[in-house]
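Encoded as structure tokens, the structure appears first; notes follow it.
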Amino acid sequence: MAGFAPVLVPVLVLMASTRCLCRWSAPNRRVVKLLTGGLLAFAFVANPPVLRAEAPELPLPRYHLTARPFEPLDTPPGAELDVLEDLCRYLAGLQDERGAIIDPFLAREHQYATPYFAYAVGVLLDADRAADLRDHGTQAMEHATACLAAGRSGIPDEHGEFFLAPLTEALELYRPHVEDSVWRVWRERMRTPLFEVIEGPASHINNWRTYAMKGEWLRARAGLVARDAAAAFVADAWTRRTQRERIVTDRWNLYQDWSSDPQSHAVEAVGRGNLLALLAAGYDGPAADEIAAAVRRGTRASLLWQDPTGQCPPNGRTDNHIFNDLLYQLAFEVLSEDALARGEVERAGQYRRAARLSFRSIERWRRTSGDFAGSFFVTKNHFDPAERVGYQPASQYTNYNGAVAYHLAEAARVRSSDIAEQPVPSEIGGYVVEADARFASVVANAGGMQVVANLRGDTVPKYGVYWTPLGVVRFSRVGWESRLGPADGVRDARSRRAVTFGPTWQEAGRWICLAERADDYRGTLVTEFVHPLLVRFSIVYHSVTGRGGPTFRHRFVVTPDGVLTTLECNEDRPFGVTLPLLVDDGRPLDVQRTSPAITTGYPKSPAASGDQQCFLLLDPEPAAHAEEPIRSAVGWLQPVRVTSGGSRVSVFVYPRSSDDPPAADVQASFQLHDDGFESCLGSVRGDVYLGRTAAGGYVRQLDLDRDGAADLVCTPPCGLILQRRGARPVAVEADREARVSLNRVVHECRAFEPLTIPPPAERPPQLRD
């Protein structure tokens with residue numbers, strides 16, 4: 001197997017992937033620890049096989065410096081196990097006398113909650129923790145293996161595909177904790193023929209088939225089934241049951257579940273993760289090299305799509321579920337160890353950082369009091385789970401908390417090395433990326449300020465839900481509460497009302513929101529300038545069905561501080577921009593709707609940072625009209641229609657932390673210019689950004705103190721990031737060899753190699769002109 005070499009490290013993973021319209025930038029030792037449980041991970045060779053001749057090169061980070069101060073998260077090694085133990089104690093309280101985990105809302109066992117719980121407790125026991133849960137774990141193993149041995153009809157909701165992997169791997173975890181006779185009974189049950197456990201070869205060929213591929217190969221590795229038969233099943237699934245087409249034919253190798261249109265970023269993570277776990281289990285059949293190339297390429301690309309606070313992308317069936325972020329954590333933990341094993345220390349640090357961001361992200365929805373303490377909300381809100389906000393039919397409390405337990409247990413076992421964190425792409429910025437047309441989404445980022453938009457929306461509800469609304473659905477920023485973003489938009493299938501950040505216009509006396517017209521409208525991306533501190537792009541929204549209607553150009557100037565948006569319409573008619581204002585996520589927010597600054601935020605408290613999302617209306621005489629809120633998966637979003645009465649509508653999106661200037665001060669200081677803008681936050685002039693903690697862009701010279709004289713001169717002109725702490729420059733990075741003269745001190749820069757600038761007293765005399 002030329003493109004794949006196993007090493008010892010555990011795994012299970014996923015990803016996200018994308019089509020990049022512009023460049024973006026950033027810059028063997030073997031793992032010898034075998035963790036019990038039989039999880040086998042991997043390292044790819046330096047030159048994996050090419051999937052197809054026309055595949056574009058995956059954009060890789062080159063710049064290293066961040067616009068905002070970078071601080072390691074340094075998550076303690078036992079943090080995941082602490083959270084896992086609390087979750088398992090909660091689930092143990094739902095166990096009946098048979099060993100089954102009973103859903104508190106369904107009052108019955110549901111899907112795969114019991115085998116996932118059994119595996120998670122096994123991991124805790126293996127880590128010498130939670131000895132009092134041993135009997136709960138063994139009872140769950142007894143019950144779950146008996147269900148599997150009874151075949152499809154004996155497995156809750158006929159979810160046999162999901163039983164194979166966790167129970168196979170749990171066998172070895174429990175071996176020291178049960179009598180040998182009990183263990184042998186379990187093992188014999190795990191030999192049950194595959195097609196007694198799952199439906200026939202042509203059934204469930206979406207991501208469910210990848211669960212079966214992974215599980216059957218794990219059974220073969222454990223000696224439970226014949227290796228040749230397992231290899232034949234995997235080959236059939238890959239070549240005849242559409243698994244290859246779902247991932248290899250995608251431009252960036254996203255896994256296409258084909259269960260919603262546009263495709264689901266959330267479910268994509270599941271399919272990719274199972275294929276990666278298949279390789280981690282030592283699969284070496286004829287498709288191994290091709291699968292390896294696809295999952296590695298896609299997982300590396302997923303760093304672009306993770307938001308700066310650790311969330312995975314929105315959109316598609318089952319988005320905004322907590323376990324989506326956890327799958328990202330697991331993937332990144334796996335690849336951090338893998339990159340370290342291949343000698344790629346910097347990339348290992350990025351993956352480790354990304355994993356820690358994901359873990360911190362899910363903690364926002366952890367329940368810490370009352371009867372549900374230790375468990376997680378299913379979706380990203382704080383509504384009573386009985387209301388099922390943002391759920392699909394499969395979304396139940398115990399199966400998805402079981403999924404959190406299972407994958408968190410795997411992630412905890414993966415981390416075996418001390419790896420220094422490095423900034424991730426979503427913290428560095430400098431890219432505009434468009435996914436394959438079947439996903440139809442766009443992500444842009446400058447200096448850790450992220451924008452996510454959908455160029456196409458759902459036109460047919462799935463389970464009565466439009467999962468992907470047309471327009472901008474997420475604003476997020478480093479070190480800020482990204483739930484306020486908003487984190488997603490909504491198109492309600494019952495009322496037909498919708499809201500995203502996008503155009504609104506009057507038609508036959510009625511105001512239309514762009515997201516309501518997903519049947520008729522599409523977006524086209526136009527990228528104009530890309531740098532880690534400054535990104536300019538536009539989305540042109542236009543009718544594609546012949547129904548007609550206005551065409552809009554929505555311009556975005558993304559900086560580390562916020563996003564200047566300008567909407568223009570090609571027709572002389574009333575139009576404006578809709579602001580999606582999060583007003584309640586199960587808890588009321590502090591909302592101010594007074595023009596020209598419209599804000600929402602969590603009141604500051606020991607549990608809340610006091611962050612705000614501020615929409616600053618920049619036109620001379622703006623008008624704002626609030627409509628009735630619409631409930632999305634993330635909470636009640638109130639559409640606020642903003643008009644100007646002129647030929648354009650300008651709004652500055654300002655994610656504010658408690659130590660940032662007040663929205664009123666930014667509003668009062670804001671000035672628009674022909675070549676940019678300025679405020680107390682910073683300025684943009686042409687291709688140059690000047691802010692409080694960073695400056696740069698495509699630079700010839702910079703006036704850092706705004707006294708009319710150049711303080712910095714680049715020879716030749718180059719792409720540049722200058723980090724600042726207060727008024728003092730502390731580091732510089734250029735995109736080519738250049739002489740950077742800063743306050744008459746010359747620094748010789750090499751391409752994409754950060755250079756620390758010492759304080760004046762420490763500067764070597766030989767550097768002076």
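Just so we're on the same page: first chain in the structure tokens is A, next is B, and so on; residues restart at 1 for each chain, and ligands are numbered from 1 in the order they show up.
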
Write out as a list of chain:residue names which residues come within 6 Å of stretch 634-648 of chain A when counting only C-alpha atoms, dropping same-chain ones fewer than 2 positions away.
A:Lys380, A:Asn381, A:Leu567, A:Glu568, A:Gly576, A:Val577, A:Thr578, A:Leu579, A:Pro580, A:Leu581, A:Leu582, A:Val583, A:Asp584, A:Asp585, A:Glu621, A:Pro622, A:Ala623, A:Ala624, A:His625, A:Ala626, A:Glu627, A:Pro629, A:Ile630, A:Arg631, A:Ser632

Let's see if you can do this: from backbone DSSP, list all alpha helix (DSSP H) residues in stretch 78-307 of chain A, as a ChimeraX atom specification.
/A:79-92,113-126,134-149,164-174,180-189,194-197,207-221,227-239,243-247,265-280,288-305

Taking 6 positions as the minimum chain separation for residues in the same chain, which residues sit within 10 Å of stretch 56-66 of chain A when counting only C-alpha atoms? Answer as a PyMOL selection string.
chain A and resi 17-27+251-252+297-298+300-301+303-304+346-347+350+422-431+433+446-448+531-533+560+693-694+719-723+731-735+751-755

Using only C-alpha atoms, which residues sit within 9 Å of stretch 401-408 of chain A once same-chain residues fewer than 4 positions away are excluded, as a PyMOL selection string?
chain A and resi 12+80-81+83-85+87-88+91+112-121+166+322-323+326-327+329-330+359+375-378+396-397+412-413

Find the residues around stretch 491-499 of chain A up to 10 Å (only C-alpha atoms counted), leave out those fewer than 3 positions away in its own chain, and share them as a PyMOL selection string.
chain A and resi 457-473+488+502-504+512-518+578-581+628-632+637-640

Resulting file, chosen residues, C-alpha atoms, as a short mmCIF file (atom, residue, chain, number, x, y, z; two decimals), in the first residue's frame:
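Okay, this is what ended up in result-v4.cif:
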```
data_model
loop_
_atom_site.label_atom_id
_atom_site.label_comp_id
_atom_site.auth_asym_id
_atom_site.auth_seq_id
_atom_site.Cartn_x
_atom_site.Cartn_y
_atom_site.Cartn_z
CA GLY A 457 -30.58 27.43 -0.26
CA ASP A 458 -32.78 24.40 0.31
CA THR A 459 -35.76 24.24 -2.00
CA VAL A 460 -37.26 21.00 -0.66
CA PRO A 461 -37.64 20.52 3.11
CA LYS A 462 -35.96 17.49 4.66
CA TYR A 463 -37.94 16.18 7.65
CA GLY A 464 -40.00 19.36 7.38
CA VAL A 465 -36.89 21.57 7.75
CA TYR A 466 -35.01 23.83 5.34
CA TRP A 467 -31.52 23.17 6.70
CA THR A 468 -29.58 25.59 4.48
CA PRO A 469 -30.93 29.14 4.05
CA LEU A 470 -29.69 31.42 1.26
CA GLY A 471 -27.47 34.35 2.33
CA VAL A 472 -24.88 35.07 5.01
CA VAL A 473 -25.46 32.79 7.99
CA ASP A 488 -26.87 30.45 11.46
CA GLY A 502 -28.82 39.60 3.05
CA PRO A 503 -30.98 41.71 0.73
CA THR A 504 -34.62 42.52 1.28
CA ILE A 512 -39.31 39.97 0.55
CA CYS A 513 -36.31 38.52 2.39
CA LEU A 514 -33.68 36.90 0.16
CA ALA A 515 -33.80 33.61 2.07
CA GLU A 516 -37.51 33.30 1.26
CA ARG A 517 -36.67 33.15 -2.44
CA ALA A 518 -34.26 30.20 -2.43
CA THR A 578 -32.07 42.22 6.81
CA LEU A 579 -30.19 41.88 10.10
CA PRO A 580 -30.71 38.55 11.95
CA LEU A 581 -30.75 39.60 15.59
CA GLU A 628 -41.63 39.13 14.44
CA PRO A 629 -38.83 36.72 15.44
CA ILE A 630 -38.39 33.34 13.73
CA ARG A 631 -37.04 30.40 15.71
CA SER A 632 -33.92 28.75 14.30
CA LEU A 637 -33.78 35.43 15.29
CA GLN A 638 -35.53 38.75 14.86
CA PRO A 639 -35.39 40.15 11.31
CA VAL A 640 -34.57 43.86 11.40
#
```

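Atom CA of A:Ala150 is positioned 22.6 Å from atom CA of A:Ile205.
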
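Compared by their closest atoms to A:Ala355, and using only C-alpha atoms, the residues A:Leu672, A:Leu73, A:Val490, A:Val225 rank with A:Leu73 nearest.
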
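We find atom CA of A:Val267 and atom CA of A:His159 to be spaced 16.6 Å apart.
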
List every residue of stretch 562-596 of chain A that DSSP, applied to the backbone of this structure, places in strand (DSSP E or B), and write the result as number ranges by chain.
A: 563-569, 575-584, 588, 590-592
